[in-house]
Amino acid sequence: MPSLPDIPLPPGIRSRFVDDINGLRMHVLETGFETRGRPCILLLHGFPELAFSWRKVMPALAAAGYHVIAPDQRGYGRTTGWDADYDGDLNSFRLLNLVRDALGLVSAFGYRSVDAVVGHDFGSSVAAWCALVRPDVFRSVALMSAPFAGPPQLTFNTADAPARPKQADPVHRELAALPRPRKHYQWYYSTRAANADMHRAPQGVHDFLRAYYHHKSADWKDNKPYPLQSWSAGELAKLPTYYVMDLAKNMAETVAEEMPSAEAIAANTWLPDRELAFYSAEYARTGFQGGLQWYRCGTSGAFTAELETYSGRTIDVPSCFISGKQDWGTYQRPGTFEAMQTRACARMIGVHLIDGAGHWVQQEQPEQVSHLLLQFVKQASEAASG
């Protein structure tokens, strides 16, 4: 591998590589490693982020006595061994293989269990499945910015019912037919063009990411989320354009319209330009296709049957949910936030919506996130021992 520039990390966090993790050479950030035998917390990032996204919460977790591990997940950053080809095999990016990545990583560090797996954005889905599939290893789970509704459900009590043909979801056709035609970002992210649209954005990767992060943060003042009533075109069209895009625009064009001013960028304390420069350099080097493969696994439906194996299962380890109060991600899939609390997580012991944070909650409000995570892990440990 060619020499890579240093990562602008706070003191006490180191960058390293771990070989032979489910076919990957995995890049991880690590803190609290000086003292052997500490309990472990695993942090899983989302899209379009990196292990670097956890830099602000890792020191506080380590100071409380934990060994904290944050990988660049499959498809991201400095982790290698994955296929970036759009026409490559999607199989390795499916959710249960991402769980295998996480399990292999903590096993490589010598842990038979970890005190908590914490996932943000798409990493929240991976963390949820870690806790669902291997509760013996992942003894508690903190879901951030993306609630979990549980496994896809098998049809029930249909043996004597008339056969019903499977039909494609009509919502995409209905979105396109609106007076202001729209499309859903996850299906756009699944198109062949999406990677090039962002990787070769006219404004450059750096300004693309600046606008993207701004648009989904509490700094964008129109982020005032509320529950939607249904998975229907009329309701989904209420979402901001970074979730339900204008039909004729790609993501680079979409967020360019909300590019913050030079003054706003200079005043940004949660993601100053020198830190954004690390993200932009990494994505300029790798492109976005690795992360986009995750979306393709979901929208293709190819791996739904595998997940239906767990139909009816709940997450039975202690769970919590943390999100920004200004984060539409909490409500982007109608009913999921409520299903997480009433059905999917049997031992939900905290739901926290942090004011002054949008989607990038652990970067926008790291002190509050660190406090809530430590409080949760303590409560989860007490619940397990009690």
# chains A, B, ... in the order shown; residues from 1 in each chain; ligands from 1
>>> residues_around(residues="range 262-275 of chain A", least_positions_apart="5", cutoff="8 Å", atoms="only C-alpha atoms", output="compact mmCIF listing (two decimals) with C-alpha atoms, in the first residue's frame")
# COMPACT_ATOMS: atom_id res chain seq x y z
CA PRO A 8 -5.45 14.45 12.48
CA GLN A 363 -19.62 15.12 15.94
CA GLU A 364 -22.09 17.97 16.54
CA GLN A 365 -22.64 17.24 20.27
>>> select_by_dssp(residues="range 68-102 of chain A", states="helix (DSSP H, G or I)", output="list in words")
Leu90, Asn91, Ser92, Phe93, Leu95, Leu96, Asn97, Leu98, Val99, Arg100, Asp101 and Ala102 of chain A
>>> atom_distance(atom1="CA of His120 in chain A", atom2="CA of Arg182 in chain A")
26.3 Å
>>> select_by_dssp(residues="range 74-267 of chain A", states="strand (DSSP E or B)", output="PyMOL selection string")
chain A and resi 80+114+116-120+138+141-144+182-184+244-246
>>> residues_around(residues="range 137-140 of chain A", least_positions_apart="3", cutoff="6 Å", atoms="only C-alpha atoms", output="NGL selection string")
:A and (113-116 or 131 or 134 or 317-319)
>>> residues_around(residues="range 207-224 of chain A", least_positions_apart="6", cutoff="6 Å", atoms="only C-alpha atoms", output="ChimeraX atom specification")
/A:255,259,326,356-359
>>> closest_residue(among="A:Ser145, A:Ala51, A:Val118, A:Ile349", to="Gln379 in chain A", atoms="only C-alpha atoms")
A:Ile349
>>> closest_atom_pairs(of="range 205-288 of chain A", to="range 188-200 of chain A", cutoff="10 Å", atoms="only C-alpha atoms", output="Markdown table")
| residue | atom | partner | partner_atom | distance |
| --- | --- | --- | --- | --- |
| A:Val205 | CA | A:His199 | CA | 6.1 |
| A:His206 | CA | A:His199 | CA | 9.8 |
| A:Phe208 | CA | A:Met198 | CA | 7.2 |
| A:Leu209 | CA | A:Met198 | CA | 8.9 |
| A:Tyr243 | CA | A:Tyr188 | CA | 9.9 |
| A:Val244 | CA | A:Tyr188 | CA | 9.6 |
| A:Met245 | CA | A:Tyr188 | CA | 8.7 |
| A:Leu247 | CA | A:Tyr188 | CA | 9.5 |
| A:Asn250 | CA | A:Asp197 | CA | 6.7 |
| A:Met251 | CA | A:Met198 | CA | 7.0 |
| A:Ala252 | CA | A:Met198 | CA | 5.7 |
| A:Glu253 | CA | A:Asp197 | CA | 8.7 |
| A:Ser280 | CA | A:His199 | CA | 9.8 |
| A:Tyr283 | CA | A:His199 | CA | 7.4 |
| A:Ala284 | CA | A:His199 | CA | 6.5 |
| A:Arg285 | CA | A:His199 | CA | 9.1 |
| A:Thr286 | CA | A:His199 | CA | 8.8 |
| A:Gly287 | CA | A:His199 | CA | 5.5 |
| A:Phe288 | CA | A:Asn195 | CA | 5.4 |
>>> residues_around(residues="Leu175 in chain A", least_positions_apart="5", cutoff="10 Å", atoms="only C-alpha atoms", output="list in words")
Pro170, Arg180, Pro181, Arg182, Lys183, His184, Ser232, Ala233, Gly234, Glu235, Leu236, Ala237, Val244, Met245, Asp246 and Leu247 of chain A
>>> atom_distance(atom1="CA of Ala248 in chain A", atom2="CA of Tyr295 in chain A")
20.2 Å
>>> atom_distance(atom1="CA of Glu367 in chain A", atom2="CA of Trp54 in chain A")
11.8 Å
>>> residues_around(residues="Arg38 in chain A", least_positions_apart="6", cutoff="8 Å", atoms="only C-alpha atoms", output="compact mmCIF listing (two decimals) with N, CA and C atoms, in the first residue's frame")
# COMPACT_ATOMS: atom_id res chain seq x y z
N GLY A 32 -7.43 3.68 24.65
CA GLY A 32 -7.57 2.86 25.86
C GLY A 32 -6.83 1.55 25.75
N GLY A 65 -12.39 3.97 31.29
CA GLY A 65 -11.88 2.63 31.53
C GLY A 65 -12.11 1.61 30.44
N TYR A 66 -12.47 2.07 29.24
CA TYR A 66 -12.77 1.14 28.15
C TYR A 66 -11.67 1.12 27.10
N HIS A 67 -11.52 -0.03 26.48
CA HIS A 67 -10.73 -0.17 25.26
C HIS A 67 -11.71 0.08 24.12
>>> closest_atom_pairs(of="range 277-375 of chain A", to="range 78-85 of chain A", cutoff="8 Å", atoms="only C-alpha atoms", output="CSV")
residue,atom,partner,partner_atom,distance
A:Glu282,CA,A:Arg78,CA,8.0
A:Gln289,CA,A:Ala84,CA,5.8
A:Gly290,CA,A:Ala84,CA,5.5
>>> residues_around(residues="Phe321 in chain A", least_positions_apart="2", cutoff="8 Å", atoms="only C-alpha atoms", output="list of chain:residue names")
A:Ala142, A:Leu143, A:Met144, A:Ser145, A:Pro147, A:Ser319, A:Ser323, A:Gly350, A:Val351, A:His352
>>> write_last_selection(atoms="C-alpha atoms", output="mmCIF file, in the first residue's frame")
data_model
loop_
_atom_site.group_PDB
_atom_site.id
_atom_site.type_symbol
_atom_site.label_atom_id
_atom_site.label_comp_id
_atom_site.auth_asym_id
_atom_site.auth_seq_id
_atom_site.Cartn_x
_atom_site.Cartn_y
_atom_site.Cartn_z
ATOM 1 C CA ALA A 142 -26.590 1.735 21.225
ATOM 2 C CA LEU A 143 -28.328 2.711 17.997
ATOM 3 C CA MET A 144 -27.672 6.218 16.728
ATOM 4 C CA SER A 145 -29.581 8.263 14.134
ATOM 5 C CA PRO A 147 -33.813 3.283 14.415
ATOM 6 C CA SER A 319 -30.560 -1.155 24.078
ATOM 7 C CA SER A 323 -30.152 10.934 17.779
ATOM 8 C CA GLY A 350 -33.180 4.993 26.948
ATOM 9 C CA VAL A 351 -34.278 7.146 24.016
ATOM 10 C CA HIS A 352 -32.476 10.474 23.692
#
>>> closest_residue(among="A:Arg112, A:His27, A:His172, A:Arg94", to="Glu306 in chain A", atoms="only C-alpha atoms")
A:Arg94
>>> closest_residue(among="A:Leu42, A:Val141, A:Cys345, A:Val361", to="Phe376 in chain A", atoms="only C-alpha atoms")
A:Val141
>>> closest_atom_pairs(of="range 145-194 of chain A", to="range 335-342 of chain A", cutoff="9 Å", atoms="only C-alpha atoms", output="CSV")
residue,atom,partner,partner_atom,distance
A:Ala146,CA,A:Phe337,CA,8.3
A:Pro147,CA,A:Phe337,CA,5.4
A:Phe148,CA,A:Met340,CA,5.3
A:Ala149,CA,A:Met340,CA,4.8
A:Gly150,CA,A:Met340,CA,7.0
